[in-house]
>>> print(open('start-v8.cif').read())   # mmCIF, C-alpha atoms
data_my_file
loop_
_atom_site.group_PDB
_atom_site.id
_atom_site.type_symbol
_atom_site.label_atom_id
_atom_site.label_comp_id
_atom_site.auth_asym_id
_atom_site.auth_seq_id
_atom_site.Cartn_x
_atom_site.Cartn_y
_atom_site.Cartn_z
ATOM 1 C CA GLN Z 1006 -37.348 14.412 -1.308
ATOM 2 C CA ARG Z 1007 -34.278 15.115 0.776
ATOM 3 C CA ARG Z 1008 -32.943 12.400 3.008
ATOM 4 C CA PRO Z 1009 -32.990 13.127 6.742
ATOM 5 C CA SER Z 1010 -29.708 14.659 7.821
ATOM 6 C CA SER Z 1011 -29.343 11.899 10.409
ATOM 7 C CA ILE Z 1012 -28.941 9.303 7.622
ATOM 8 C CA ARG Z 1013 -25.429 9.354 6.215
ATOM 9 C CA GLU Z 1014 -23.748 7.349 3.499
ATOM 10 C CA PRO Z 1015 -21.082 4.848 4.546
ATOM 11 C CA PRO Z 1016 -17.605 6.453 4.418
ATOM 12 C CA ARG Z 1017 -16.491 4.157 1.562
ATOM 13 C CA LEU Z 1018 -19.480 5.055 -0.646
ATOM 14 C CA ALA Z 1019 -19.086 8.734 0.141
ATOM 15 C CA ALA Z 1020 -15.395 8.537 -0.715
ATOM 16 C CA GLU Z 1021 -16.052 6.792 -4.031
ATOM 17 C CA LYS Z 1022 -18.611 9.421 -5.040
ATOM 18 C CA PHE Z 1023 -16.249 12.179 -3.987
ATOM 19 C CA PHE Z 1024 -13.409 10.809 -6.104
ATOM 20 C CA ALA Z 1025 -15.679 10.111 -9.095
ATOM 21 C CA HIS Z 1026 -16.973 13.687 -9.296
ATOM 22 C CA PRO Z 1027 -15.914 15.346 -12.598
ATOM 23 C CA SER Z 1028 -14.360 18.260 -10.752
ATOM 24 C CA MET Z 1029 -11.931 15.924 -9.009
ATOM 25 C CA ALA Z 1030 -9.311 15.747 -11.745
ATOM 26 C CA ILE Z 1031 -6.434 13.825 -10.200
ATOM 27 C CA THR Z 1032 -3.557 11.767 -11.488
ATOM 28 C CA ARG Z 1033 -3.264 8.007 -11.148
ATOM 29 C CA SER Z 1034 -0.622 8.204 -8.425
ATOM 30 C CA ALA Z 1035 -2.515 10.875 -6.520
ATOM 31 C CA LEU Z 1036 -5.674 8.778 -6.620
ATOM 32 C CA ARG Z 1037 -3.845 5.749 -5.295
ATOM 33 C CA MET Z 1038 -2.455 7.682 -2.347
ATOM 34 C CA ALA Z 1039 -5.681 9.490 -1.529
ATOM 35 C CA SER Z 1040 -7.912 6.446 -1.873
ATOM 36 C CA ALA Z 1041 -5.700 4.404 0.431
ATOM 37 C CA ALA Z 1042 -6.288 6.995 3.113
ATOM 38 C CA ALA Z 1043 -9.943 7.505 2.263
ATOM 39 C CA LEU Z 1044 -10.909 3.855 2.417
ATOM 40 C CA HIS Z 1045 -9.126 3.056 5.667
ATOM 41 C CA PRO Z 1046 -11.716 1.800 8.171
ATOM 42 C CA ALA Z 1047 -10.730 4.499 10.653
ATOM 43 C CA ALA Z 1048 -10.818 7.296 8.086
ATOM 44 C CA ARG Z 1049 -13.311 10.110 8.162
ATOM 45 C CA VAL Z 1050 -14.255 11.859 4.934
ATOM 46 C CA GLN Z 1051 -13.969 15.350 6.366
ATOM 47 C CA ARG Z 1052 -10.726 14.676 8.251
ATOM 48 C CA ILE Z 1053 -8.754 12.649 5.685
ATOM 49 C CA VAL Z 1054 -10.442 12.356 2.297
ATOM 50 C CA ILE Z 1055 -11.023 15.989 1.465
ATOM 51 C CA PRO Z 1056 -7.627 17.296 2.691
ATOM 52 C CA ALA Z 1057 -5.867 14.447 0.874
ATOM 53 C CA VAL Z 1058 -7.642 15.171 -2.401
ATOM 54 C CA ARG Z 1059 -7.174 18.909 -2.148
ATOM 55 C CA SER Z 1060 -3.445 18.496 -1.567
ATOM 56 C CA LEU Z 1061 -3.009 16.030 -4.424
ATOM 57 C CA CYS Z 1062 -5.333 17.383 -7.111
ATOM 58 C CA LEU Z 1063 -3.607 18.628 -10.233
ATOM 59 C CA GLN Z 1064 -5.055 20.793 -12.978
ATOM 60 C CA HIS Z 1065 -5.569 19.392 -16.488
ATOM 61 C CA ALA Z 1066 -5.460 15.757 -15.327
ATOM 62 C CA SER Z 1067 -7.975 13.105 -16.329
ATOM 63 C CA PRO Z 1068 -10.478 12.089 -13.642
ATOM 64 C CA MET Z 1069 -10.455 8.439 -12.554
ATOM 65 C CA LYS Z 1070 -12.791 6.472 -10.351
ATOM 66 C CA VAL Z 1071 -11.774 4.478 -7.328
ATOM 67 C CA ARG Z 1072 -11.156 0.891 -8.386
ATOM 68 C CA SER Z 1073 -12.042 -2.281 -6.513
ATOM 69 C CA TYR Z 1074 -8.409 -3.312 -6.059
ATOM 70 C CA MET Z 1075 -7.673 -0.252 -3.936
ATOM 71 C CA GLN Z 1076 -7.934 -1.774 -0.476
ATOM 72 C CA PRO Z 1077 -7.824 0.059 2.864
ATOM 73 C CA CYS Z 1078 -4.457 -0.124 4.512
ATOM 74 C CA ILE Z 1079 -2.697 3.174 5.239
ATOM 75 C CA ALA Z 1080 -4.101 6.395 6.689
ATOM 76 C CA ARG Z 1081 -0.948 8.502 6.860
ATOM 77 C CA PHE Z 1082 1.722 9.796 4.543
ATOM 78 C CA GLY Z 1083 5.431 10.234 5.175
ATOM 79 C CA PRO Z 1084 8.898 9.773 3.697
ATOM 80 C CA ARG Z 1085 8.596 5.957 3.635
ATOM 81 C CA MET Z 1086 5.317 6.184 1.769
ATOM 82 C CA ASP Z 1087 6.784 8.739 -0.633
ATOM 83 C CA GLY Z 1088 9.570 6.287 -1.442
ATOM 84 C CA ALA Z 1089 7.076 3.472 -1.956
ATOM 85 C CA ARG Z 1090 5.007 5.676 -4.254
ATOM 86 C CA LEU Z 1091 8.030 6.473 -6.421
ATOM 87 C CA MET Z 1092 8.862 2.759 -6.572
ATOM 88 C CA ASP Z 1093 5.294 1.960 -7.572
ATOM 89 C CA GLU Z 1094 5.315 4.560 -10.331
ATOM 90 C CA ALA Z 1095 8.621 3.237 -11.687
ATOM 91 C CA ALA Z 1096 7.353 -0.349 -11.648
ATOM 92 C CA MET Z 1097 4.073 0.555 -13.345
ATOM 93 C CA ALA Z 1098 6.077 2.360 -16.030
ATOM 94 C CA ALA Z 1099 7.779 -0.968 -16.881
ATOM 95 C CA GLY Z 1100 10.885 -0.194 -14.847
ATOM 96 C CA LYS Z 1101 12.702 -2.651 -12.604
ATOM 97 C CA PRO Z 1102 13.252 -0.847 -9.278
ATOM 98 C CA GLU Z 1103 15.125 -2.652 -6.514
ATOM 99 C CA ALA Z 1104 13.368 -3.887 -3.401
ATOM 100 C CA THR Z 1105 14.376 -1.882 -0.336
ATOM 101 C CA VAL Z 1106 14.997 -2.691 3.322
ATOM 102 C CA VAL Z 1107 14.994 -0.010 6.032
ATOM 103 C CA ALA Z 1108 15.485 -0.634 9.748
ATOM 104 C CA MET Z 1109 12.752 0.942 11.889
ATOM 105 C CA THR Z 1110 11.666 0.443 15.457
ATOM 106 C CA ARG Z 1111 8.134 -0.823 15.888
ATOM 107 C CA GLU Z 1112 7.199 2.484 17.494
ATOM 108 C CA GLU Z 1113 8.529 4.439 14.503
ATOM 109 C CA ALA Z 1114 6.693 2.193 12.074
ATOM 110 C CA GLU Z 1115 3.460 2.549 13.999
ATOM 111 C CA HIS Z 1116 3.752 6.321 14.292
ATOM 112 C CA GLU Z 1117 4.535 6.878 10.612
ATOM 113 C CA LEU Z 1118 2.606 4.074 8.919
ATOM 114 C CA GLN Z 1119 0.098 2.755 11.467
ATOM 115 C CA ILE Z 1120 1.240 -0.815 10.858
ATOM 116 C CA SER Z 1121 -1.209 -2.161 13.442
ATOM 117 C CA THR Z 1122 -3.961 -1.530 10.869
ATOM 118 C CA TRP Z 1123 -2.221 -3.727 8.257
ATOM 119 C CA GLY Z 1124 -2.765 -7.402 7.649
ATOM 120 C CA ILE Z 1125 -0.696 -10.115 9.347
ATOM 121 C CA TRP Z 1126 0.973 -13.015 7.504
ATOM 122 C CA GLU Z 1127 3.025 -15.896 8.844
ATOM 123 C CA LYS Z 1128 5.138 -18.587 7.153
ATOM 124 C CA GLU Z 1129 7.157 -21.559 8.360
ATOM 125 C CA VAL Z 1130 10.718 -22.341 7.229
ATOM 126 C CA SER Z 1131 10.360 -22.974 3.490
ATOM 127 C CA LYS Z 1132 11.248 -21.926 -0.053
ATOM 128 C CA PHE Z 1133 8.679 -20.703 -2.536
ATOM 129 C CA ASP Z 1134 8.205 -18.422 -5.551
ATOM 130 C CA TRP Z 1135 6.171 -15.234 -5.283
ATOM 131 C CA PHE Z 1136 4.659 -12.655 -7.640
ATOM 132 C CA TYR Z 1137 3.883 -9.132 -6.417
ATOM 133 C CA SER Z 1138 0.600 -8.030 -7.974
ATOM 134 C CA GLY Z 1139 1.056 -4.623 -6.358
ATOM 135 C CA THR Z 1140 3.753 -2.686 -4.532
ATOM 136 C CA GLU Z 1141 3.867 -4.260 -1.083
ATOM 137 C CA LEU Z 1142 5.130 -2.838 2.191
ATOM 138 C CA MET Z 1143 5.863 -5.227 5.038
ATOM 139 C CA TYR Z 1144 7.148 -4.795 8.553
ATOM 140 C CA ILE Z 1145 8.895 -7.853 9.982
ATOM 141 C CA LEU Z 1146 7.713 -8.810 13.463
ATOM 142 C CA GLU Z 1147 9.485 -12.152 13.771
ATOM 143 C CA GLY Z 1148 11.869 -14.339 11.809
ATOM 144 C CA GLU Z 1149 14.333 -13.982 8.960
ATOM 145 C CA ALA Z 1150 14.220 -14.496 5.208
ATOM 146 C CA ILE Z 1151 15.961 -13.796 1.895
ATOM 147 C CA ALA Z 1152 14.068 -12.848 -1.266
ATOM 148 C CA THR Z 1153 15.937 -13.332 -4.552
ATOM 149 C CA PRO Z 1154 14.423 -11.636 -7.627
ATOM 150 C CA SER Z 1155 13.816 -14.072 -10.481
ATOM 151 C CA GLY Z 1156 12.801 -14.171 -14.125
ATOM 152 C CA GLU Z 1157 12.813 -10.724 -15.752
ATOM 153 C CA TRP Z 1158 13.788 -9.276 -12.376
ATOM 154 C CA SER Z 1159 16.896 -11.423 -11.898
ATOM 155 C CA SER Z 1160 19.168 -8.421 -12.469
ATOM 156 C CA CYS Z 1161 17.917 -6.950 -9.174
ATOM 157 C CA LYS Z 1162 19.781 -7.684 -5.956
ATOM 158 C CA PRO Z 1163 18.560 -10.231 -3.374
ATOM 159 C CA VAL Z 1164 17.351 -8.700 -0.117
ATOM 160 C CA SER Z 1165 17.608 -10.197 3.346
ATOM 161 C CA PHE Z 1166 15.441 -8.991 6.207
ATOM 162 C CA SER Z 1167 14.635 -9.793 9.796
ATOM 163 C CA VAL Z 1168 12.905 -8.378 12.870
ATOM 164 C CA GLY Z 1169 12.535 -4.594 12.749
ATOM 165 C CA ASP Z 1170 12.910 -4.182 8.986
ATOM 166 C CA LEU Z 1171 10.490 -2.313 6.730
ATOM 167 C CA VAL Z 1172 10.659 -4.008 3.333
ATOM 168 C CA THR Z 1173 9.172 -2.697 0.093
ATOM 169 C CA PHE Z 1174 8.726 -4.842 -3.012
ATOM 170 C CA PRO Z 1175 7.703 -3.262 -6.349
ATOM 171 C CA ALA Z 1176 4.629 -4.255 -8.314
ATOM 172 C CA GLY Z 1177 5.338 -6.923 -10.914
ATOM 173 C CA MET Z 1178 8.431 -8.365 -9.252
ATOM 174 C CA THR Z 1179 8.875 -12.120 -9.120
ATOM 175 C CA ALA Z 1180 11.112 -13.540 -6.413
ATOM 176 C CA THR Z 1181 12.070 -16.736 -4.647
ATOM 177 C CA TRP Z 1182 11.634 -16.592 -0.885
ATOM 178 C CA ASP Z 1183 13.917 -18.548 1.421
ATOM 179 C CA VAL Z 1184 12.488 -18.378 4.937
ATOM 180 C CA LYS Z 1185 15.366 -19.140 7.315
ATOM 181 C CA VAL Z 1186 13.467 -18.604 10.563
ATOM 182 C CA PRO Z 1187 9.634 -18.773 10.788
ATOM 183 C CA ILE Z 1188 8.456 -15.320 9.789
ATOM 184 C CA LYS Z 1189 5.604 -13.087 10.865
ATOM 185 C CA LYS Z 1190 4.925 -9.733 9.270
ATOM 186 C CA HIS Z 1191 2.490 -6.867 8.915
ATOM 187 C CA PHE Z 1192 1.783 -6.160 5.245
ATOM 188 C CA ALA Z 1193 -0.063 -3.636 3.103
ATOM 189 C CA PHE Z 1194 -0.665 -2.779 -0.555
ATOM 190 C CA PRO Z 1195 -1.090 1.008 -0.323
ATOM 191 C CA PHE Z 1196 -1.611 1.445 -4.071
ATOM 192 C CA GLY Z 1197 -3.803 -1.597 -4.635
ATOM 193 C CA LYS Z 1198 -3.079 -4.720 -6.708
ATOM 194 C CA PRO Z 1199 -3.315 -3.540 -10.324
ATOM 195 C CA LEU Z 1200 -1.582 -6.678 -11.642
ATOM 196 C CA ALA Z 1201 -3.804 -9.170 -9.823
ATOM 197 C CA LYS Z 1202 -5.258 -11.814 -12.134
#
>>> encode(input="start-v8.cif", output="structure tokens")
Amino acid sequence: QRRPSSIREPPRLAAEKFFAHPSMAITRSALRMASAAALHPAARVQRIVIPAVRSLCLQHASPMKVRSYMQPCIARFGPRMDGARLMDEAAMAAGKPEATVVAMTREEAEHELQISTWGIWEKEVSKFDWFYSGTELMYILEGEAIATPSGEWSSCKPVSFSVGDLVTFPAGMTATWDVKVPIKKHFAFPFGKPLAK
């Protein structure tokens, strides 16, 4: 018996089924990018999911299902996201890419990355160690800090950032944060947290 046309599956379930279909042979990086857009709360399957998959599908690739660690966060693509994707791929291939800092106005960041849909995190003046379980993008709203890579990542350069900076940290990096001025940031994990324990 067919379901009434007025009853529709939730966008997330529809997206997962769409990605899991055998005909949707897509690479790991393509799936990460497309699923981030597909699972965004504001996404619509017809408007974002299907065009994203069509543009990213590659022939002769192994199909993969959407994984639970792929959280909604970004609904657009652009040069900043392309750079983050390349960083993520390098990190997941056991590389040690440097963290990056790019100055952007809040309007630019909103237009390109829709940062208002990201999470918000705040921290007082302090020092602490951090592990990045996934490639993280953050846009600094307030404050100032320095992150110094540590452990196996100690060969990478420290990065300092403040208001108006878009910062990208690669998956797997360990670093010591030194918050100089109480910090507030938008943050997102556009490719999920594959290294989360």
>>> resolve_selection(input="start-v8.cif", expression="the PyMOL selection byres ((chain Z and resi 1172) around 10)", output="ChimeraX atom specification")
/Z:1089,1104-1108,1141-1145,1164-1167,1169-1171,1173-1174,1192
>>> resolve_selection(input="start-v8.cif", expression="the PyMOL selection byres ((chain Z and resi 1178-1191) around 6)", output="ChimeraX atom specification")
/Z:1123-1137,1143-1155,1175-1177,1192
>>> atom_distance(input="start-v8.cif", atom1="CA of Ala1099 (chain Z)", atom2="CA of Leu1200 (chain Z)")
12.2 Å
>>> atom_distance(input="start-v8.cif", atom1="CA of Ser1121 (chain Z)", atom2="CA of Pro1102 (chain Z)")
27.0 Å
>>> atom_distance(input="start-v8.cif", atom1="CA of Lys1198 (chain Z)", atom2="CA of Glu1117 (chain Z)")
22.2 Å
